[in-house]
$ cat protein29.pdb   # PDB, C-alpha atoms
ATOM      1  CA  MET A   1     -54.015 -48.645 -22.677  1.00  0.00           C
ATOM      2  CA  SER A   2     -50.279 -47.983 -22.660  1.00  0.00           C
ATOM      3  CA  LEU A   3     -48.179 -50.585 -24.458  1.00  0.00           C
ATOM      4  CA  PHE A   4     -46.186 -51.243 -21.319  1.00  0.00           C
ATOM      5  CA  ASN A   5     -49.248 -52.085 -19.235  1.00  0.00           C
ATOM      6  CA  PHE A   6     -49.343 -55.500 -20.890  1.00  0.00           C
ATOM      7  CA  TRP A   7     -46.489 -56.668 -18.665  1.00  0.00           C
ATOM      8  CA  GLN A   8     -48.170 -55.393 -15.499  1.00  0.00           C
ATOM      9  CA  LYS A   9     -51.153 -57.748 -15.555  1.00  0.00           C
ATOM     10  CA  GLU A  10     -51.575 -59.328 -12.127  1.00  0.00           C
ATOM     11  CA  GLU A  11     -50.920 -63.045 -12.426  1.00  0.00           C
ATOM     12  CA  GLU A  12     -53.807 -64.061 -10.170  1.00  0.00           C
ATOM     13  CA  ASN A  13     -56.320 -62.616 -12.638  1.00  0.00           C
ATOM     14  CA  PHE A  14     -55.574 -65.517 -14.956  1.00  0.00           C
ATOM     15  CA  PHE A  15     -56.617 -67.993 -12.282  1.00  0.00           C
ATOM     16  CA  ASP A  16     -59.881 -66.528 -11.028  1.00  0.00           C
ATOM     17  CA  GLU A  17     -62.093 -69.584 -10.480  1.00  0.00           C
ATOM     18  CA  ASN A  18     -65.135 -67.566 -11.542  1.00  0.00           C
ATOM     19  CA  VAL A  19     -63.729 -66.957 -15.035  1.00  0.00           C
ATOM     20  CA  THR A  20     -64.814 -69.651 -17.483  1.00  0.00           C
ATOM     21  CA  ILE A  21     -62.922 -70.951 -20.491  1.00  0.00           C
ATOM     22  CA  GLU A  22     -65.642 -69.513 -22.717  1.00  0.00           C
ATOM     23  CA  GLU A  23     -65.401 -65.921 -21.504  1.00  0.00           C
ATOM     24  CA  THR A  24     -61.590 -65.906 -21.469  1.00  0.00           C
ATOM     25  CA  ARG A  25     -59.937 -64.065 -24.348  1.00  0.00           C
ATOM     26  CA  PHE A  26     -57.395 -66.335 -26.043  1.00  0.00           C
ATOM     27  CA  VAL A  27     -55.091 -65.342 -28.869  1.00  0.00           C
ATOM     28  CA  VAL A  28     -54.109 -68.323 -31.007  1.00  0.00           C
ATOM     29  CA  LEU A  29     -50.846 -67.645 -32.796  1.00  0.00           C
ATOM     30  CA  ASP A  30     -48.270 -69.118 -35.135  1.00  0.00           C
ATOM     31  CA  THR A  31     -45.024 -67.808 -36.563  1.00  0.00           C
ATOM     32  CA  GLU A  32     -43.261 -68.617 -39.805  1.00  0.00           C
ATOM     33  CA  THR A  33     -39.509 -68.231 -39.449  1.00  0.00           C
ATOM     34  CA  THR A  34     -36.312 -68.491 -41.444  1.00  0.00           C
ATOM     35  CA  GLY A  35     -35.302 -71.505 -39.334  1.00  0.00           C
ATOM     36  CA  PHE A  36     -35.169 -72.934 -35.833  1.00  0.00           C
ATOM     37  CA  ASP A  37     -32.167 -71.117 -34.359  1.00  0.00           C
ATOM     38  CA  PHE A  38     -33.421 -68.716 -31.681  1.00  0.00           C
ATOM     39  CA  THR A  39     -30.345 -66.490 -31.981  1.00  0.00           C
ATOM     40  CA  ASN A  40     -29.688 -66.311 -35.711  1.00  0.00           C
ATOM     41  CA  ASP A  41     -33.054 -66.942 -37.355  1.00  0.00           C
ATOM     42  CA  ARG A  42     -35.837 -64.397 -37.702  1.00  0.00           C
ATOM     43  CA  ILE A  43     -39.623 -64.259 -37.805  1.00  0.00           C
ATOM     44  CA  LEU A  44     -41.018 -63.895 -41.322  1.00  0.00           C
ATOM     45  CA  CYS A  45     -44.682 -63.689 -40.405  1.00  0.00           C
ATOM     46  CA  ILE A  46     -46.937 -63.667 -37.336  1.00  0.00           C
ATOM     47  CA  GLY A  47     -50.505 -64.904 -37.733  1.00  0.00           C
ATOM     48  CA  ALA A  48     -53.048 -64.796 -34.921  1.00  0.00           C
ATOM     49  CA  LEU A  49     -56.757 -65.171 -34.196  1.00  0.00           C
ATOM     50  CA  VAL A  50     -58.937 -64.280 -31.216  1.00  0.00           C
ATOM     51  CA  LEU A  51     -60.848 -67.188 -29.692  1.00  0.00           C
ATOM     52  CA  GLN A  52     -63.583 -66.339 -27.180  1.00  0.00           C
ATOM     53  CA  ASN A  53     -66.973 -67.774 -26.263  1.00  0.00           C
ATOM     54  CA  GLY A  54     -66.190 -70.847 -28.365  1.00  0.00           C
ATOM     55  CA  THR A  55     -65.905 -68.671 -31.484  1.00  0.00           C
ATOM     56  CA  ILE A  56     -62.879 -68.086 -33.708  1.00  0.00           C
ATOM     57  CA  SER A  57     -62.958 -64.428 -34.830  1.00  0.00           C
ATOM     58  CA  VAL A  58     -61.689 -64.851 -38.380  1.00  0.00           C
ATOM     59  CA  GLN A  59     -62.818 -61.318 -39.279  1.00  0.00           C
ATOM     60  CA  ASP A  60     -60.609 -59.962 -36.476  1.00  0.00           C
ATOM     61  CA  SER A  61     -57.494 -61.897 -37.479  1.00  0.00           C
ATOM     62  CA  PHE A  62     -53.941 -60.569 -37.335  1.00  0.00           C
ATOM     63  CA  GLU A  63     -51.312 -61.195 -39.990  1.00  0.00           C
ATOM     64  CA  VAL A  64     -48.071 -59.302 -40.498  1.00  0.00           C
ATOM     65  CA  TYR A  65     -45.141 -60.046 -42.814  1.00  0.00           C
ATOM     66  CA  ILE A  66     -41.891 -58.622 -41.509  1.00  0.00           C
ATOM     67  CA  GLU A  67     -39.154 -56.856 -43.455  1.00  0.00           C
ATOM     68  CA  GLN A  68     -36.306 -59.320 -44.011  1.00  0.00           C
ATOM     69  CA  ASP A  69     -32.546 -59.088 -44.243  1.00  0.00           C
ATOM     70  CA  HIS A  70     -32.107 -62.796 -43.480  1.00  0.00           C
ATOM     71  CA  TYR A  71     -33.290 -65.226 -46.158  1.00  0.00           C
ATOM     72  CA  ASP A  72     -33.070 -69.013 -46.214  1.00  0.00           C
ATOM     73  CA  GLU A  73     -34.002 -70.616 -49.529  1.00  0.00           C
ATOM     74  CA  SER A  74     -34.462 -74.077 -47.974  1.00  0.00           C
ATOM     75  CA  THR A  75     -37.085 -72.981 -45.414  1.00  0.00           C
ATOM     76  CA  ALA A  76     -38.806 -70.821 -48.043  1.00  0.00           C
ATOM     77  CA  GLN A  77     -39.762 -74.064 -49.773  1.00  0.00           C
ATOM     78  CA  ILE A  78     -41.852 -74.951 -46.682  1.00  0.00           C
ATOM     79  CA  HIS A  79     -43.574 -71.690 -45.791  1.00  0.00           C
ATOM     80  CA  GLY A  80     -43.586 -70.263 -49.325  1.00  0.00           C
ATOM     81  CA  ILE A  81     -42.633 -66.731 -48.223  1.00  0.00           C
ATOM     82  CA  LEU A  82     -40.244 -65.418 -50.850  1.00  0.00           C
ATOM     83  CA  LYS A  83     -37.876 -62.523 -50.239  1.00  0.00           C
ATOM     84  CA  ASP A  84     -39.954 -60.133 -52.344  1.00  0.00           C
ATOM     85  CA  PHE A  85     -43.310 -61.784 -51.603  1.00  0.00           C
ATOM     86  CA  VAL A  86     -44.808 -58.622 -50.104  1.00  0.00           C
ATOM     87  CA  VAL A  87     -43.776 -55.211 -51.441  1.00  0.00           C
ATOM     88  CA  LYS A  88     -44.356 -53.220 -48.244  1.00  0.00           C
ATOM     89  CA  ARG A  89     -43.487 -54.844 -44.944  1.00  0.00           C
ATOM     90  CA  PRO A  90     -43.100 -53.216 -41.525  1.00  0.00           C
ATOM     91  CA  SER A  91     -39.831 -53.440 -39.641  1.00  0.00           C
ATOM     92  CA  GLU A  92     -39.462 -56.040 -36.893  1.00  0.00           C
ATOM     93  CA  LEU A  93     -40.090 -53.355 -34.268  1.00  0.00           C
ATOM     94  CA  GLU A  94     -43.228 -52.040 -35.991  1.00  0.00           C
ATOM     95  CA  ALA A  95     -44.574 -55.580 -36.443  1.00  0.00           C
ATOM     96  CA  LEU A  96     -43.962 -56.415 -32.786  1.00  0.00           C
ATOM     97  CA  GLU A  97     -45.731 -53.261 -31.605  1.00  0.00           C
ATOM     98  CA  GLN A  98     -48.723 -54.066 -33.809  1.00  0.00           C
ATOM     99  CA  PHE A  99     -48.807 -57.597 -32.420  1.00  0.00           C
ATOM    100  CA  LEU A 100     -48.573 -56.461 -28.788  1.00  0.00           C
ATOM    101  CA  VAL A 101     -51.588 -54.205 -29.224  1.00  0.00           C
ATOM    102  CA  TYR A 102     -53.538 -57.108 -30.751  1.00  0.00           C
ATOM    103  CA  LEU A 103     -52.413 -59.570 -28.071  1.00  0.00           C
ATOM    104  CA  GLY A 104     -53.132 -57.402 -25.043  1.00  0.00           C
ATOM    105  CA  ASP A 105     -53.388 -59.505 -21.883  1.00  0.00           C
ATOM    106  CA  ALA A 106     -54.916 -62.542 -23.612  1.00  0.00           C
ATOM    107  CA  ILE A 107     -53.840 -66.087 -22.872  1.00  0.00           C
ATOM    108  CA  ILE A 108     -51.716 -67.397 -25.751  1.00  0.00           C
ATOM    109  CA  ILE A 109     -52.535 -70.683 -27.467  1.00  0.00           C
ATOM    110  CA  ALA A 110     -50.005 -72.197 -29.871  1.00  0.00           C
ATOM    111  CA  HIS A 111     -48.849 -75.585 -31.082  1.00  0.00           C
ATOM    112  CA  HIS A 112     -45.370 -76.235 -29.674  1.00  0.00           C
ATOM    113  CA  ALA A 113     -45.825 -72.844 -28.007  1.00  0.00           C
ATOM    114  CA  TYR A 114     -42.288 -72.705 -26.593  1.00  0.00           C
ATOM    115  CA  PHE A 115     -40.832 -72.196 -30.074  1.00  0.00           C
ATOM    116  CA  ASP A 116     -43.166 -69.389 -31.171  1.00  0.00           C
ATOM    117  CA  ILE A 117     -43.014 -67.555 -27.850  1.00  0.00           C
ATOM    118  CA  THR A 118     -39.218 -67.831 -27.647  1.00  0.00           C
ATOM    119  CA  MET A 119     -38.859 -66.469 -31.191  1.00  0.00           C
ATOM    120  CA  ILE A 120     -41.107 -63.530 -30.281  1.00  0.00           C
ATOM    121  CA  ASN A 121     -39.256 -62.947 -27.002  1.00  0.00           C
ATOM    122  CA  LYS A 122     -35.910 -62.929 -28.806  1.00  0.00           C
ATOM    123  CA  ALA A 123     -37.290 -60.342 -31.235  1.00  0.00           C
ATOM    124  CA  LEU A 124     -38.629 -58.259 -28.315  1.00  0.00           C
ATOM    125  CA  GLU A 125     -35.220 -58.419 -26.630  1.00  0.00           C
ATOM    126  CA  ARG A 126     -33.481 -57.224 -29.822  1.00  0.00           C
ATOM    127  CA  ASN A 127     -35.817 -54.225 -29.862  1.00  0.00           C
ATOM    128  CA  GLY A 128     -35.475 -53.279 -26.213  1.00  0.00           C
ATOM    129  CA  TYR A 129     -38.749 -54.743 -24.931  1.00  0.00           C
ATOM    130  CA  PRO A 130     -39.200 -57.147 -22.009  1.00  0.00           C
ATOM    131  CA  GLU A 131     -40.385 -60.710 -22.569  1.00  0.00           C
ATOM    132  CA  LEU A 132     -44.076 -61.538 -22.815  1.00  0.00           C
ATOM    133  CA  LYS A 133     -45.720 -62.240 -19.466  1.00  0.00           C
ATOM    134  CA  ASN A 134     -48.902 -63.716 -20.968  1.00  0.00           C
ATOM    135  CA  LYS A 135     -49.861 -67.197 -19.833  1.00  0.00           C
ATOM    136  CA  ALA A 136     -49.647 -69.775 -22.619  1.00  0.00           C
ATOM    137  CA  LEU A 137     -51.236 -73.109 -23.488  1.00  0.00           C
ATOM    138  CA  ASP A 138     -49.710 -75.638 -25.872  1.00  0.00           C
ATOM    139  CA  THR A 139     -52.145 -77.709 -27.948  1.00  0.00           C
ATOM    140  CA  GLY A 140     -49.485 -80.416 -28.262  1.00  0.00           C
ATOM    141  CA  VAL A 141     -49.449 -80.825 -24.476  1.00  0.00           C
ATOM    142  CA  LEU A 142     -53.226 -80.448 -24.087  1.00  0.00           C
ATOM    143  CA  TYR A 143     -53.868 -83.092 -26.729  1.00  0.00           C
ATOM    144  CA  LYS A 144     -52.000 -85.684 -24.629  1.00  0.00           C
ATOM    145  CA  LYS A 145     -54.543 -85.137 -21.847  1.00  0.00           C
ATOM    146  CA  THR A 146     -57.279 -86.464 -24.136  1.00  0.00           C
ATOM    147  CA  LEU A 147     -55.497 -89.786 -24.742  1.00  0.00           C
ATOM    148  CA  ILE A 148     -56.420 -92.984 -22.934  1.00  0.00           C
ATOM    149  CA  LYS A 149     -53.669 -94.309 -20.689  1.00  0.00           C
ATOM    150  CA  SER A 150     -53.187 -97.916 -21.718  1.00  0.00           C
ATOM    151  CA  HIS A 151     -50.284-100.257 -22.397  1.00  0.00           C
ATOM    152  CA  LEU A 152     -52.141-101.191 -25.590  1.00  0.00           C
ATOM    153  CA  PHE A 153     -51.871 -97.656 -26.891  1.00  0.00           C
ATOM    154  CA  GLU A 154     -48.459 -96.254 -27.779  1.00  0.00           C
ATOM    155  CA  ARG A 155     -48.221 -92.564 -27.019  1.00  0.00           C
ATOM    156  CA  LYS A 156     -45.747 -90.363 -28.866  1.00  0.00           C
ATOM    157  CA  ASP A 157     -43.536 -87.839 -27.099  1.00  0.00           C
ATOM    158  CA  HIS A 158     -44.577 -85.124 -29.525  1.00  0.00           C
ATOM    159  CA  TYR A 159     -47.643 -84.691 -31.693  1.00  0.00           C
ATOM    160  CA  SER A 160     -47.350 -82.459 -34.739  1.00  0.00           C
ATOM    161  CA  LEU A 161     -50.029 -80.061 -35.922  1.00  0.00           C
ATOM    162  CA  ASP A 162     -50.575 -82.473 -38.821  1.00  0.00           C
ATOM    163  CA  ASP A 163     -51.238 -85.232 -36.277  1.00  0.00           C
ATOM    164  CA  LEU A 164     -53.943 -83.127 -34.624  1.00  0.00           C
ATOM    165  CA  ALA A 165     -55.433 -82.065 -37.955  1.00  0.00           C
ATOM    166  CA  ASP A 166     -55.677 -85.717 -39.018  1.00  0.00           C
ATOM    167  CA  LYS A 167     -57.084 -86.819 -35.664  1.00  0.00           C
ATOM    168  CA  PHE A 168     -59.785 -84.148 -35.619  1.00  0.00           C
ATOM    169  CA  ASP A 169     -60.444 -84.152 -39.384  1.00  0.00           C
ATOM    170  CA  ILE A 170     -59.362 -80.522 -39.831  1.00  0.00           C
ATOM    171  CA  SER A 171     -58.605 -79.265 -43.336  1.00  0.00           C
ATOM    172  CA  LYS A 172     -54.898 -78.618 -43.998  1.00  0.00           C
ATOM    173  CA  LYS A 173     -55.510 -76.398 -47.016  1.00  0.00           C
ATOM    174  CA  ASP A 174     -53.590 -73.417 -45.582  1.00  0.00           C
ATOM    175  CA  ARG A 175     -50.988 -75.443 -43.682  1.00  0.00           C
ATOM    176  CA  HIS A 176     -47.556 -73.777 -43.319  1.00  0.00           C
ATOM    177  CA  THR A 177     -48.908 -70.249 -43.430  1.00  0.00           C
ATOM    178  CA  ALA A 178     -48.877 -68.482 -40.065  1.00  0.00           C
ATOM    179  CA  LEU A 179     -52.555 -67.553 -40.156  1.00  0.00           C
ATOM    180  CA  GLY A 180     -53.554 -70.926 -41.622  1.00  0.00           C
ATOM    181  CA  ASP A 181     -51.707 -72.813 -38.884  1.00  0.00           C
ATOM    182  CA  ALA A 182     -53.191 -70.527 -36.219  1.00  0.00           C
ATOM    183  CA  TYR A 183     -56.662 -71.386 -37.540  1.00  0.00           C
ATOM    184  CA  ILE A 184     -55.935 -75.147 -37.446  1.00  0.00           C
ATOM    185  CA  THR A 185     -54.584 -74.725 -33.900  1.00  0.00           C
ATOM    186  CA  ALA A 186     -57.712 -72.814 -32.821  1.00  0.00           C
ATOM    187  CA  ILE A 187     -60.027 -75.552 -34.131  1.00  0.00           C
ATOM    188  CA  ALA A 188     -57.843 -78.216 -32.504  1.00  0.00           C
ATOM    189  CA  PHE A 189     -58.060 -76.366 -29.166  1.00  0.00           C
ATOM    190  CA  LEU A 190     -61.866 -76.317 -29.316  1.00  0.00           C
ATOM    191  CA  LYS A 191     -61.902 -80.044 -30.180  1.00  0.00           C
ATOM    192  CA  ILE A 192     -59.527 -80.791 -27.301  1.00  0.00           C
ATOM    193  CA  ILE A 193     -61.736 -78.904 -24.811  1.00  0.00           C
ATOM    194  CA  LYS A 194     -64.774 -80.833 -26.061  1.00  0.00           C
ATOM    195  CA  LYS A 195     -62.877 -84.119 -25.697  1.00  0.00           C
ATOM    196  CA  LEU A 196     -61.699 -83.280 -22.171  1.00  0.00           C
ATOM    197  CA  ARG A 197     -65.248 -82.383 -21.142  1.00  0.00           C
ATOM    198  CA  GLU A 198     -66.456 -85.809 -22.225  1.00  0.00           C
ATOM    199  CA  LYS A 199     -64.505 -87.110 -19.234  1.00  0.00           C
ATOM    200  CA  LYS A 200     -65.333 -84.367 -16.690  1.00  0.00           C
ATOM    201  CA  GLU A 201     -65.929 -80.639 -16.362  1.00  0.00           C
ATOM    202  CA  VAL A 202     -62.772 -78.669 -17.084  1.00  0.00           C
ATOM    203  CA  SER A 203     -61.837 -75.303 -15.587  1.00  0.00           C
ATOM    204  CA  LEU A 204     -59.386 -72.733 -16.901  1.00  0.00           C
ATOM    205  CA  ASN A 205     -57.064 -73.562 -14.004  1.00  0.00           C
ATOM    206  CA  GLN A 206     -57.009 -77.255 -14.911  1.00  0.00           C
ATOM    207  CA  LEU A 207     -55.754 -76.492 -18.418  1.00  0.00           C
ATOM    208  CA  PHE A 208     -52.503 -75.253 -16.904  1.00  0.00           C
ATOM    209  CA  LYS A 209     -51.931 -78.360 -14.751  1.00  0.00           C
TER
END

$ encode --input "protein29.pdb" --output "structure tokens"
Amino acid sequence: MSLFNFWQKEEENFFDENVTIEETRFVVLDTETTGFDFTNDRILCIGALVLQNGTISVQDSFEVYIEQDHYDESTAQIHGILKDFVVKRPSELEALEQFLVYLGDAIIIAHHAYFDITMINKALERNGYPELKNKALDTGVLYKKTLIKSHLFERKDHYSLDDLADKFDISKKDRHTALGDAYITAIAFLKIIKKLREKKEVSLNQLFK
């Protein structure tokens, strides 16, 4: 398939009522970056996993460290990616092209998805590519759907990935690595779907509402 076909996927295909959550191909992703500024900061690493049929394909994972001109010592203390951490790294363009092939027309799952997708879109724009057209689901938003609505229970505006890991008893051993966070997010997504189904049957369409 041509690289550019990824932006030509017909939107209605994502909402076919006959397509189940299980058979849908999801790509769960996370990025580690030099900071939170969409214009000036850069992606250090993209980590991603395929989730389909209730299975996380660890053996088919994606992880790429990107060649860096920009370096921020303060954020390096969080993600642990040092300037010379990996000897050979692809350029931003090469890394993006590798990721696009891996992503295909899958539905993206990420925690606080807006940040990761915007960082990727900014990188695509810098390299002359259009923005991603893939549909996306945010585990932070989905998690709120599992919570009981009660004045006795105080809901937060935002739930961190640590919050979800603690709630669902998910190991945080590889926290703050792109692939490690993608794995935690994938497990959290499966737990959220299970929790939602305890209330009623859930369709792919309903996840986007």

$ resolve_selection --input "protein29.pdb" --expression "the PyMOL selection byres ((chain A and resi 162-172) around 12)" --output "count of residues only"
35

$ resolve_selection --input "protein29.pdb" --expression "the PyMOL selection byres ((chain A and resi 122) around 12)" --output "list in words"
Asp37, Phe38, Thr39, Asn40, Asp41, Arg42, Ile43, Glu92, Leu93, Leu96, Tyr114, Phe115, Asp116, Ile117, Thr118, Met119, Ile120, Asn121, Ala123, Leu124, Glu125, Arg126, Asn127, Gly128, Tyr129, Pro130, Glu131 and Leu132 of chain A

$ residues_around --input "protein29.pdb" --residues "region 25-32 of chain A" --least-positions-apart "5" --cutoff "7 Å" --atoms "all atoms listed in the file" --output "list of chain:residue names"
A:Ile43, A:Leu44, A:Cys45, A:Ile46, A:Gly47, A:Ala48, A:Leu49, A:Val50, A:Leu51, A:Gln52, A:His79, A:Leu103, A:Ala106, A:Ile107, A:Ile108, A:Ile109, A:Ala110, A:Asp116, A:Thr177, A:Ala178, A:Leu179, A:Asp181, A:Ala182, A:Ala186

$ atom_distance --input "protein29.pdb" --atom1 "CA of Glu94 (chain A)" --atom2 "CA of Ser57 (chain A)"
23.3 Å

$ atom_distance --input "protein29.pdb" --atom1 "CA of Thr34 (chain A)" --atom2 "CA of Tyr65 (chain A)"
12.3 Å

$ atom_distance --input "protein29.pdb" --atom1 "CA of Glu63 (chain A)" --atom2 "CA of Ala136 (chain A)"
19.4 Å

$ resolve_selection --input "protein29.pdb" --expression "the PyMOL selection byres ((chain A and resi 205) around 10)" --output "list in words"
Phe14, Phe15, Asp16, Glu17, Val19, Thr20, Ile21, Val202, Ser203, Leu204, Gln206, Leu207, Phe208 and Lys209 of chain A

$ axis_aligned_box --input "protein29.pdb" --around "region 30-49 of chain A" --padding-each-side "4 Å" --output "JSON"
{"center_x": -43.2, "center_y": -68.3, "center_z": -36.6, "size_x": 35.1, "size_y": 17.3, "size_z": 17.8}

$ closest_residue --input "protein29.pdb" --among "A:Ile66, A:Ala113, A:Leu152, A:Val58" --to "Gln98 (chain A)" --atoms "only C-alpha atoms"
A:Ile66

$ closest_residue --input "protein29.pdb" --among "A:Leu196, A:Val64, A:Leu137, A:Ile148" --to "Tyr102 (chain A)" --atoms "only C-alpha atoms"
A:Val64
